[in-house]
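**Q** Structure in structure tokens, see below.
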Amino acid sequence: MQAEHPPGGRGDLSAVDAQWRAANYLAAGQLYLDDDPLLRRPLRQEDLKPRVVGHWGTVPGLTLVYSHVNRLICERDRDVLFVAGPGHGGPALLAHTFLEGSLSERDTTMPRDEAGVLSLFRAFSTPGGIPSHAAPNVPGSINEGGELGYSLAHAFGAVFDAPEALAVCVVGDGEAETGPMAASWHGTSFLDPVADGAVLPVLHLNGYKIAGPTVLSRMTPEDLHALLRGYGYEPVEVAGDRPEEVHADLAAALDGCVDRIDAVQDSARAGASSDGRIRWPMIVLRTPKGWTGPSVVDGTPVEGTFRAHQVPLAVSRDDPDRLPDLEHWLRSYRPQELFDAAGRPTPEVLRYVPDGDRRMGANPRADAGLVRRDLELPDPRTAAVGASEQGSAGAAPPRFPEHSPTEALGRHLRDVIARNPHDFRLFSPDEADSNRLSAVFETTDRVWRSGAQDPMEPGVRDENLGPHGRVMEVLSEHLCEGWLEGYLLTGRHGLLATYEAFAQVAASMVGQYAKWLESARAVSWRRPPASLNLLLTSHAWRQDHNGFSHQDPGFIDMVMNKKNDLVRVLFPPDANTLLAAADDALTSTGRINVLVAGKHPSPSYLTFDAAREHCTRGVSVWQDESTDQHPDVVLACAGETPTRETVAAARLLAAHAPRVRVRVVNVVDLLRLQDPAQEPRGLDDAQFDAVFTPDSPVIFAFHGYPGAVHRLTYRRSCHPQLHVHGYREEGTTTTPFDMLMLNGMDRYSLALDALDRAGPAARGDGAAAAGEFTRARADAKAYTRRHGVDDPRLTRMPPRS
């Protein structure tokens, strides 16, 4: 049932109030009721849920804003996304999507009648039911809010390259205290009024978080407005606890804000120049926490205090003393006026419910797969580098040419951007040049909005800056990650490139996003977004100049904890393999791809076609670097630097201990090491043994912490003889080779370990070889102390015997 929408103006705010009361009633009922959902009779003890859990405090503010935005949509026919920042706002969004019918259309167990109301109440915060946050099963949601601070970044990401979209983002005053939110206010400096949509933040100051006051709510309005103006906003204050007055003020504020947004965009799109910084409108909304709920309980204030944060009335089947208080509260919304005899919302409640896709719970942008367009990808071969053809026995030792992997990827991304000018962005914390992705600037700029106080000076102070660029650089991993997530969840594509050590800053965000993807898979109507692609470069093994603080591969371990069918952790050993891995990542959907690659010139082992085949396999024996099909020792590696040192170690062994039979194995897709019971794509036992052998010792040179490889392989037959070299938290400002020696990752350490474990084959010339490797290692260290640089001979690959 859909009501007629009044034409123009602010219409009848009593209808907005009716919708607000209906949503508040449904939200409160989700917390408490298990029967008699519309109070057709006096409330009884057995009508209560077996377990009363949930949060109330933020709900009335969210329902208030949602109701008013619905009125705006109806009167102006706007394309609006609703982003709910407060963490436990799920009941509010569930209530509104039930009223508008978008929930019932997606979940047939919840028809828009009394039976559906009961089904909603029983499902909320129930085992096997609906979570208390705005999880993926809430129509229209792109921000769960379980971990606070990301809503505004998601909102900005959602409107980039969406000129018709408006994201109304409710920011809770608790989440406003988080670091990510503090950075997110800077989004105004990156918003293009020509090609992007707009974000309307609503900072909801209800005064309290779970157990105490909030910082922004205790600031004076003058100080708070000054802070927000500094961020680039023109705040409009709406405050009160009398519904009639707040309705009128909020309606006027919303209309004024949207008028201002339209004026900014219309002027910019007409080509008018701006002689000052654009100030985007926002609303500061001050209403009591838990508004319209119980005011006082047992003589203690609840409404407007932290006590309203969770369930404001402690009542249950086991403790029903406050049952009359609960019934009084629920009946205060006058549900008999809001729902008809069949339990359907009345025409007054639905008067300002939009139609079709204009409903915020049915907005196609909030279901990425509905609007996602596949990228038009260039052939990655056009960015590929030359590599030595693999020689045969007796052929001259190949001299591997050296190339920067990320420089090659930069050329590919340049062409991706050129072919997809409205669907792809590169996000980076001020590091695109540092990470040698500079080729992208041959076709685009960094996004920057210039004003009277900061005119751009190309070639003087500024390079590659412009309002319509495709590269988003801001020195906040939180903000880059949040923008990318919002961009992906509304149907577009992107990649985030960052220093490996500082991916940890956003590790929690990526972990939460993995949970979103996992939950969304269980929601039948959600279509997968493009994959979240992360390039970790400037990695631990070449952070010798920055030192210990920049040496941390721990992000890998966090990602490995997630469902393995959701993630790929890839270690391309050279430039062409990085191109092949990136090409696959950019065509994938619904997963997280972590690519770990170096930016410095390194050996190019594989032609592009060989690299693509290697990526498909995930794990390969490198026959041309191996000396026998029945090895005495397996030298395995994962990562660009470990691969170089492993190949060098194999060549040293071939030259100095030729009786030791060596097999070289390279791992590009780390999680393939798991067995199929844990990772469907993993090698089965027969495949694993065919590569690593069931009984030969394996010396594994790994990019990250050694424990990661042990976790993946502990069930394998060779695990008792698996010896992993990796980053062992030894680092400083030193030379690249000295960094390797500090962690036992250098070629001499690997070769010595192989000799020590190769058994009888190491007898004879093994002792002499060990002595040679030990001396060479000592000489390398002495050289760095004497000259301050590595011995130039160590920058070259030893010849193959």
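Going through the structure tokens in order, the chains are called A, B, and so on, while each chain numbers its residues from 1 and the ligands are numbered from 1 in the order shown.
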Produce a table with one row for each residue of region 523-638 of chain A that has an atom at most 7 Å from any atom of region 433-436 of chain A, each row naming the nearest atom pair and its distance in Å at one decimal; use only C-alpha atoms; arrange rows by chain and rising residue number; format as a tab-separated table.

**A**
```
residue	atom	partner	partner_atom	distance
A:Thr537	CA	A:Asn435	CA	6.7
A:Ser538	CA	A:Asn435	CA	6.5
A:Lys599	CA	A:Asn435	CA	6.0
```

**Q** Out of region 106-319 of chain A, which residues get alpha helix (DSSP H) from DSSP, as a ChimeraX atom specification?

**A** /A:106,114-123,151-159,179-184,215-218,221-231,243-269

**Q** Name all residues at most 7 Å from region 423-430 of chain A (count only C-alpha atoms; drop same-chain ones fewer than 3 positions away) and give them as a PyMOL selection string.

**A** chain A and resi 417+420+470-477+480+492-498

**Q** List every residue of region 430-527 of chain A that has an atom at most 10 Å from any atom of region 160-177 of chain A, giving for each one its closest atom pair and the distance in Å to one decimal, counting only C-alpha atoms, sorted by chain and then by ascending residue number, as CSV.

**A**
```
residue,atom,partner,partner_atom,distance
A:His468,CA,A:Asp161,CA,9.7
A:Arg470,CA,A:Asp161,CA,9.8
A:Trp483,CA,A:Phe160,CA,8.8
A:Leu484,CA,A:Phe160,CA,10.0
A:Gly486,CA,A:Phe160,CA,9.0
A:Tyr487,CA,A:Phe160,CA,7.0
A:Thr490,CA,A:Ala162,CA,9.3
A:Arg492,CA,A:Asp161,CA,9.0
```

**Q** The selected residues should be written to file as an mmCIF file, in the first residue's frame (atoms: C-alpha atoms).

**A**
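Dumped to result-v4.cif:
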```cif
data_model
loop_
_atom_site.group_PDB
_atom_site.id
_atom_site.type_symbol
_atom_site.label_atom_id
_atom_site.label_comp_id
_atom_site.auth_asym_id
_atom_site.auth_seq_id
_atom_site.Cartn_x
_atom_site.Cartn_y
_atom_site.Cartn_z
ATOM 1 C CA HIS A 468 38.764 15.803 -11.495
ATOM 2 C CA ARG A 470 41.358 9.625 -10.296
ATOM 3 C CA TRP A 483 36.594 5.701 0.724
ATOM 4 C CA LEU A 484 37.473 2.543 -1.198
ATOM 5 C CA GLY A 486 32.158 2.989 0.048
ATOM 6 C CA TYR A 487 33.170 3.158 -3.617
ATOM 7 C CA THR A 490 28.087 1.240 -4.509
ATOM 8 C CA ARG A 492 32.644 0.744 -8.633
#
```

**Q** Which is closest to Ala520 (chain A) among A:Ala654, A:Ile592, A:Leu465, A:Ala135, if we use only C-alpha atoms?

**A**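 Result for the nearest residue to Ala520 (chain A): A:Ala135.
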
**Q** I'd like to know which of A:Val297, A:Leu39, A:Ile142, A:Val385 is closest to Pro603 (chain A), using only C-alpha atoms.

**A** A:Val385

**Q** Extract, using only C-alpha atoms, all DNA, RNA and protein residues at most 10 Å from region 188-194 of chain A, discarding same-chain residues fewer than 5 positions from it, and format them as a VMD selection string.

**A** chain A and resid 156 to 157 159 to 163 199 231 to 233 261 to 262 264 to 271 277 to 280 446 to 451 466 to 469 472 to 474

**Q** Measuring atom to atom with only C-alpha atoms, identify which of A:Trp56, A:Glu348, A:Gly29, A:Asp249 is nearest to Arg307 (chain A).

**A**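 Comparing A:Trp56, A:Glu348, A:Gly29, A:Asp249 against Arg307 (chain A), the winner is A:Trp56.
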
**Q** Would you please extract all strand (DSSP E) residues from region 225-382 of chain A, as assigned by DSSP on the backbone, and give them as a PyMOL selection string?

**A** chain A and resi 233-239+280-286+296-297+300-301

**Q** Using only C-alpha atoms for the distances, tell me which of A:Ile556, A:Met110, A:Ala158, A:Val665 is nearest to Phe124 (chain A).

**A**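 Going through A:Ile556, A:Met110, A:Ala158, A:Val665 one by one, the smallest distance to Phe124 (chain A) is for A:Met110.
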